[in-house]
$ cat final23.cif   # mmCIF, C-alpha atoms
data_work
loop_
_atom_site.label_atom_id
_atom_site.label_comp_id
_atom_site.auth_asym_id
_atom_site.auth_seq_id
_atom_site.Cartn_x
_atom_site.Cartn_y
_atom_site.Cartn_z
CA MET A 1 60.14 -13.95 -133.31
CA GLN A 2 58.60 -11.03 -131.48
CA ASN A 3 60.87 -8.04 -130.82
CA ILE A 4 61.12 -7.49 -127.04
CA PHE A 5 62.74 -4.13 -127.70
CA ASP A 6 59.51 -2.86 -129.28
CA ALA A 7 57.26 -1.02 -126.78
CA LYS A 8 54.07 -2.63 -128.09
CA VAL A 9 55.51 -6.15 -127.87
CA ALA A 10 56.91 -5.51 -124.37
CA GLN A 11 53.45 -4.34 -123.32
CA GLU A 12 51.89 -7.50 -124.76
CA TYR A 13 54.18 -9.60 -122.56
CA ILE A 14 53.30 -7.44 -119.56
CA ASN A 15 49.59 -7.83 -120.28
CA ARG A 16 50.03 -11.60 -120.38
CA ILE A 17 51.90 -11.53 -117.07
CA ASN A 18 49.12 -9.40 -115.57
CA ASN A 19 46.66 -12.17 -116.48
CA LEU A 20 48.45 -14.53 -114.09
CA THR A 21 47.13 -14.98 -110.56
CA PRO A 22 48.66 -16.83 -107.60
CA GLU A 23 46.19 -19.64 -108.37
CA THR A 24 47.09 -20.03 -112.05
CA GLN A 25 48.00 -23.64 -112.76
CA GLY A 26 50.60 -24.79 -115.26
CA LYS A 27 49.75 -27.04 -118.18
CA TRP A 28 53.04 -28.92 -117.76
CA GLY A 29 56.13 -28.90 -115.59
CA LYS A 30 56.72 -28.89 -111.85
CA MET A 31 56.99 -25.18 -111.06
CA SER A 32 54.21 -23.16 -109.49
CA VAL A 33 53.33 -19.77 -110.97
CA ASP A 34 55.34 -17.88 -108.30
CA GLN A 35 58.35 -20.11 -108.98
CA VAL A 36 58.05 -19.51 -112.74
CA LEU A 37 58.07 -15.75 -112.23
CA ALA A 38 61.19 -16.08 -110.06
CA HIS A 39 62.69 -18.43 -112.67
CA LEU A 40 62.08 -15.87 -115.43
CA ASN A 41 63.66 -13.17 -113.26
CA VAL A 42 66.92 -15.14 -113.08
CA ALA A 43 67.57 -14.47 -116.79
CA TYR A 44 67.22 -10.75 -116.17
CA GLU A 45 69.22 -10.87 -112.94
CA THR A 46 72.19 -12.17 -114.93
CA ILE A 47 71.93 -8.98 -116.99
CA TYR A 48 71.08 -6.36 -114.35
CA GLU A 49 72.21 -7.97 -111.07
CA PRO A 50 75.10 -10.24 -112.17
CA GLU A 51 76.59 -10.34 -108.68
CA LYS A 52 73.70 -12.62 -107.64
CA HIS A 53 74.92 -15.49 -109.82
CA LEU A 54 78.29 -17.17 -110.22
CA LYS A 55 79.59 -17.32 -113.76
CA PRO A 56 80.08 -20.81 -115.16
CA GLY A 57 83.54 -22.29 -114.73
CA PHE A 58 85.79 -23.03 -117.70
CA ILE A 59 84.38 -26.46 -118.54
CA ALA A 60 80.74 -25.48 -117.98
CA GLY A 61 81.32 -22.30 -120.00
CA PHE A 62 82.83 -24.28 -122.85
CA LEU A 63 79.86 -26.68 -122.87
CA LEU A 64 77.32 -23.85 -122.69
CA LYS A 65 78.92 -21.86 -125.52
CA ASN A 66 79.46 -24.86 -127.77
CA PHE A 67 76.40 -27.01 -127.16
CA VAL A 68 73.63 -25.00 -125.46
CA LYS A 69 73.99 -21.51 -126.93
CA ALA A 70 72.80 -22.33 -130.46
CA LYS A 71 69.59 -23.91 -129.16
CA THR A 72 68.99 -21.05 -126.75
CA VAL A 73 69.47 -18.06 -129.06
CA ASN A 74 67.81 -19.41 -132.21
CA GLU A 75 64.18 -18.75 -133.14
CA LEU A 76 62.88 -22.27 -132.54
CA PRO A 77 60.55 -22.49 -129.52
CA TYR A 78 61.56 -24.51 -126.49
CA LYS A 79 60.00 -27.93 -126.08
CA GLN A 80 58.00 -28.77 -122.98
CA ASN A 81 59.73 -30.30 -119.96
CA LEU A 82 63.31 -29.57 -121.00
CA PRO A 83 65.88 -29.87 -118.20
CA THR A 84 66.43 -26.67 -116.22
CA GLY A 85 69.89 -25.28 -115.61
CA PRO A 86 70.91 -25.35 -111.93
CA MET A 87 70.85 -21.59 -111.38
CA PHE A 88 67.31 -21.44 -112.82
CA ILE A 89 65.88 -24.02 -110.41
CA ILE A 90 63.65 -22.27 -107.91
CA LYS A 91 62.95 -24.03 -104.63
CA GLY A 92 60.25 -23.15 -102.14
CA ASN A 93 57.47 -20.61 -102.37
CA LYS A 94 58.12 -17.10 -103.66
CA ASN A 95 56.17 -13.88 -103.24
CA PHE A 96 53.96 -13.82 -106.35
CA ASP A 97 53.38 -10.05 -106.36
CA GLU A 98 57.04 -9.23 -105.76
CA GLU A 99 58.28 -11.58 -108.49
CA LYS A 100 55.64 -10.30 -110.93
CA LYS A 101 56.58 -6.67 -110.24
CA ARG A 102 60.28 -7.41 -110.70
CA LEU A 103 59.69 -9.24 -113.99
CA ILE A 104 57.58 -6.43 -115.40
CA GLY A 105 60.28 -3.93 -114.37
CA PHE A 106 62.98 -5.98 -116.08
CA ILE A 107 60.93 -6.22 -119.30
CA GLN A 108 60.34 -2.46 -119.26
CA LYS A 109 64.01 -1.70 -118.59
CA THR A 110 65.13 -4.00 -121.42
CA GLN A 111 62.70 -2.38 -123.86
CA GLN A 112 63.72 1.13 -122.81
CA LEU A 113 67.43 0.40 -123.17
CA GLY A 114 66.73 -0.92 -126.65
CA SER A 115 68.54 -3.25 -128.98
CA THR A 116 71.64 -1.09 -129.35
CA ALA A 117 72.42 -1.56 -125.64
CA PHE A 118 72.39 -5.32 -126.18
CA ASP A 119 74.26 -5.63 -129.46
CA GLY A 120 77.61 -7.20 -128.56
CA LYS A 121 76.72 -7.35 -124.85
CA LYS A 122 78.19 -10.32 -122.99
CA SER A 123 75.81 -12.94 -121.70
CA HIS A 124 76.39 -14.57 -118.32
CA SER A 125 76.67 -17.99 -119.95
CA PHE A 126 77.26 -17.54 -123.68
CA GLY A 127 79.72 -14.67 -124.18
CA LYS A 128 78.97 -11.85 -126.63
CA LEU A 129 75.56 -11.98 -128.27
CA THR A 130 73.97 -9.92 -130.99
CA ALA A 131 70.85 -7.92 -130.19
CA GLN A 132 68.86 -10.48 -132.19
CA GLU A 133 70.27 -13.35 -130.12
CA TRP A 134 69.39 -11.50 -126.91
CA ASN A 135 65.91 -10.88 -128.27
CA ASN A 136 65.41 -14.52 -129.26
CA MET A 137 66.65 -15.83 -125.93
CA LEU A 138 64.56 -13.52 -123.76
CA ALA A 139 61.41 -13.55 -125.91
CA LYS A 140 61.20 -17.29 -126.35
CA HIS A 141 61.89 -17.92 -122.65
CA LEU A 142 59.07 -15.57 -121.67
CA ASN A 143 56.72 -16.99 -124.26
CA HIS A 144 57.51 -20.59 -123.29
CA HIS A 145 56.59 -20.08 -119.65
CA LEU A 146 53.62 -17.82 -120.30
CA GLU A 147 52.21 -20.51 -122.61
CA GLN A 148 52.97 -23.04 -119.87
CA PHE A 149 50.55 -21.10 -117.65
CA GLY A 150 47.98 -20.50 -120.35
CA VAL A 151 48.45 -16.77 -120.89
#

$ encode --input "final23.cif" --output "structure tokens"
Amino acid sequence: MQNIFDAKVAQEYINRINNLTPETQGKWGKMSVDQVLAHLNVAYETIYEPEKHLKPGFIAGFLLKNFVKAKTVNELPYKQNLPTGPMFIIKGNKNFDEEKKRLIGFIQKTQQLGSTAFDGKKSHSFGKLTAQEWNNMLAKHLNHHLEQFGV
């Protein structure tokens, strides 16, 4: 698993994002490229702009922590066409350039803060995570969708 806290790795993700254009077509799935960028931003919004998203209720939180977390924070890549959690569903067109800029900024901020800022940090959906779990979750989500769009 690539280390998103490493400057070189973060730059590799940014370079891949910079290869996207508003016309880039996905190899699978229903989202357009602008929607995928907005979708990827949701994960970072839960970290840096948590007021934008409601926390899961007790039952949903229990299910997420006990059944979804392990699959999300491990090192195994996501399969194509998995169901999308409700808060990650993006409807309508988004501003490609704005979403791209925001995503790059979030990746840079995460890298600059470093792994120590994330070790033991609470996740919106899964409770406390180790820095490695944060890394796995963010890196494999980015990689999954960048591969979806061929970059």

$ resolve_selection --input "final23.cif" --expression "the PyMOL selection byres ((chain A and resi 93) around 8)" --output "PyMOL selection string"
chain A and resi 34-35+91-92+94-95

$ closest_residue --input "final23.cif" --among "A:Lys30, A:Lys8, A:His124, A:Lys140" --to "Gly57 in chain A" --atoms "only C-alpha atoms"
A:His124

$ resolve_selection --input "final23.cif" --expression "the PyMOL selection byres ((chain A and resi 1) around 9)" --output "ChimeraX atom specification"
/A:2-3,75-76,135-136,139-140

$ resolve_selection --input "final23.cif" --expression "the PyMOL selection byres ((chain A and resi 101-111) around 7)" --output "VMD selection string"
chain A and resid 4 to 7 10 14 37 41 44 97 to 100 112 to 114

$ atom_distance --input "final23.cif" --atom1 "CA of Val73 in chain A" --atom2 "CA of Met137 in chain A"
4.8 Å

$ residues_around --input "final23.cif" --residues "Ile47 in chain A" --least-positions-apart "2" --cutoff "12 Å" --atoms "all atoms listed in the file" --output "list of chain:residue names"
A:Asn41, A:Val42, A:Ala43, A:Tyr44, A:Glu45, A:Glu49, A:Pro50, A:Glu51, A:Lys52, A:His53, A:Lys55, A:Phe106, A:Ile107, A:Lys109, A:Thr110, A:Ala117, A:Phe118, A:Lys121, A:Lys122, A:Ser123, A:His124, A:Ser125, A:Trp134, A:Leu138

$ residues_near_point --input "final23.cif" --point "(81.8, -23.3, -114.4)" --cutoff "12 Å" --atoms "all atoms listed in the file" --output "list in words"
His53, Leu54, Lys55, Pro56, Gly57, Phe58, Ile59, Ala60, Gly61, Phe62, Leu63, Leu64, Lys65, Pro86, Met87, His124, Ser125 and Phe126 of chain A

$ atom_distance --input "final23.cif" --atom1 "CA of Val151 in chain A" --atom2 "CA of Pro83 in chain A"
22.0 Å

$ atom_distance --input "final23.cif" --atom1 "CA of Ala131 in chain A" --atom2 "CA of Thr116 in chain A"
6.9 Å

$ residues_around --input "final23.cif" --residues "Asn143 in chain A" --least-positions-apart "6" --cutoff "10 Å" --atoms "only C-alpha atoms" --output "VMD selection string"
chain A and resid 2 13 16 77 to 78 149 151

$ closest_residue --input "final23.cif" --among "A:Phe88, A:Lys128, A:Glu133, A:Gly26" --to "Ser115 in chain A" --atoms "only C-alpha atoms"
A:Glu133

$ residues_around --input "final23.cif" --residues "Asn81 in chain A" --least-positions-apart "3" --cutoff "12 Å" --atoms "all atoms listed in the file" --output "ChimeraX atom specification"
/A:26-31,78,84,144-145,148

$ closest_residue --input "final23.cif" --among "A:Glu147, A:Thr24, A:Ile89, A:Lys69" --to "His39 in chain A" --atoms "all atoms listed in the file"
A:Ile89
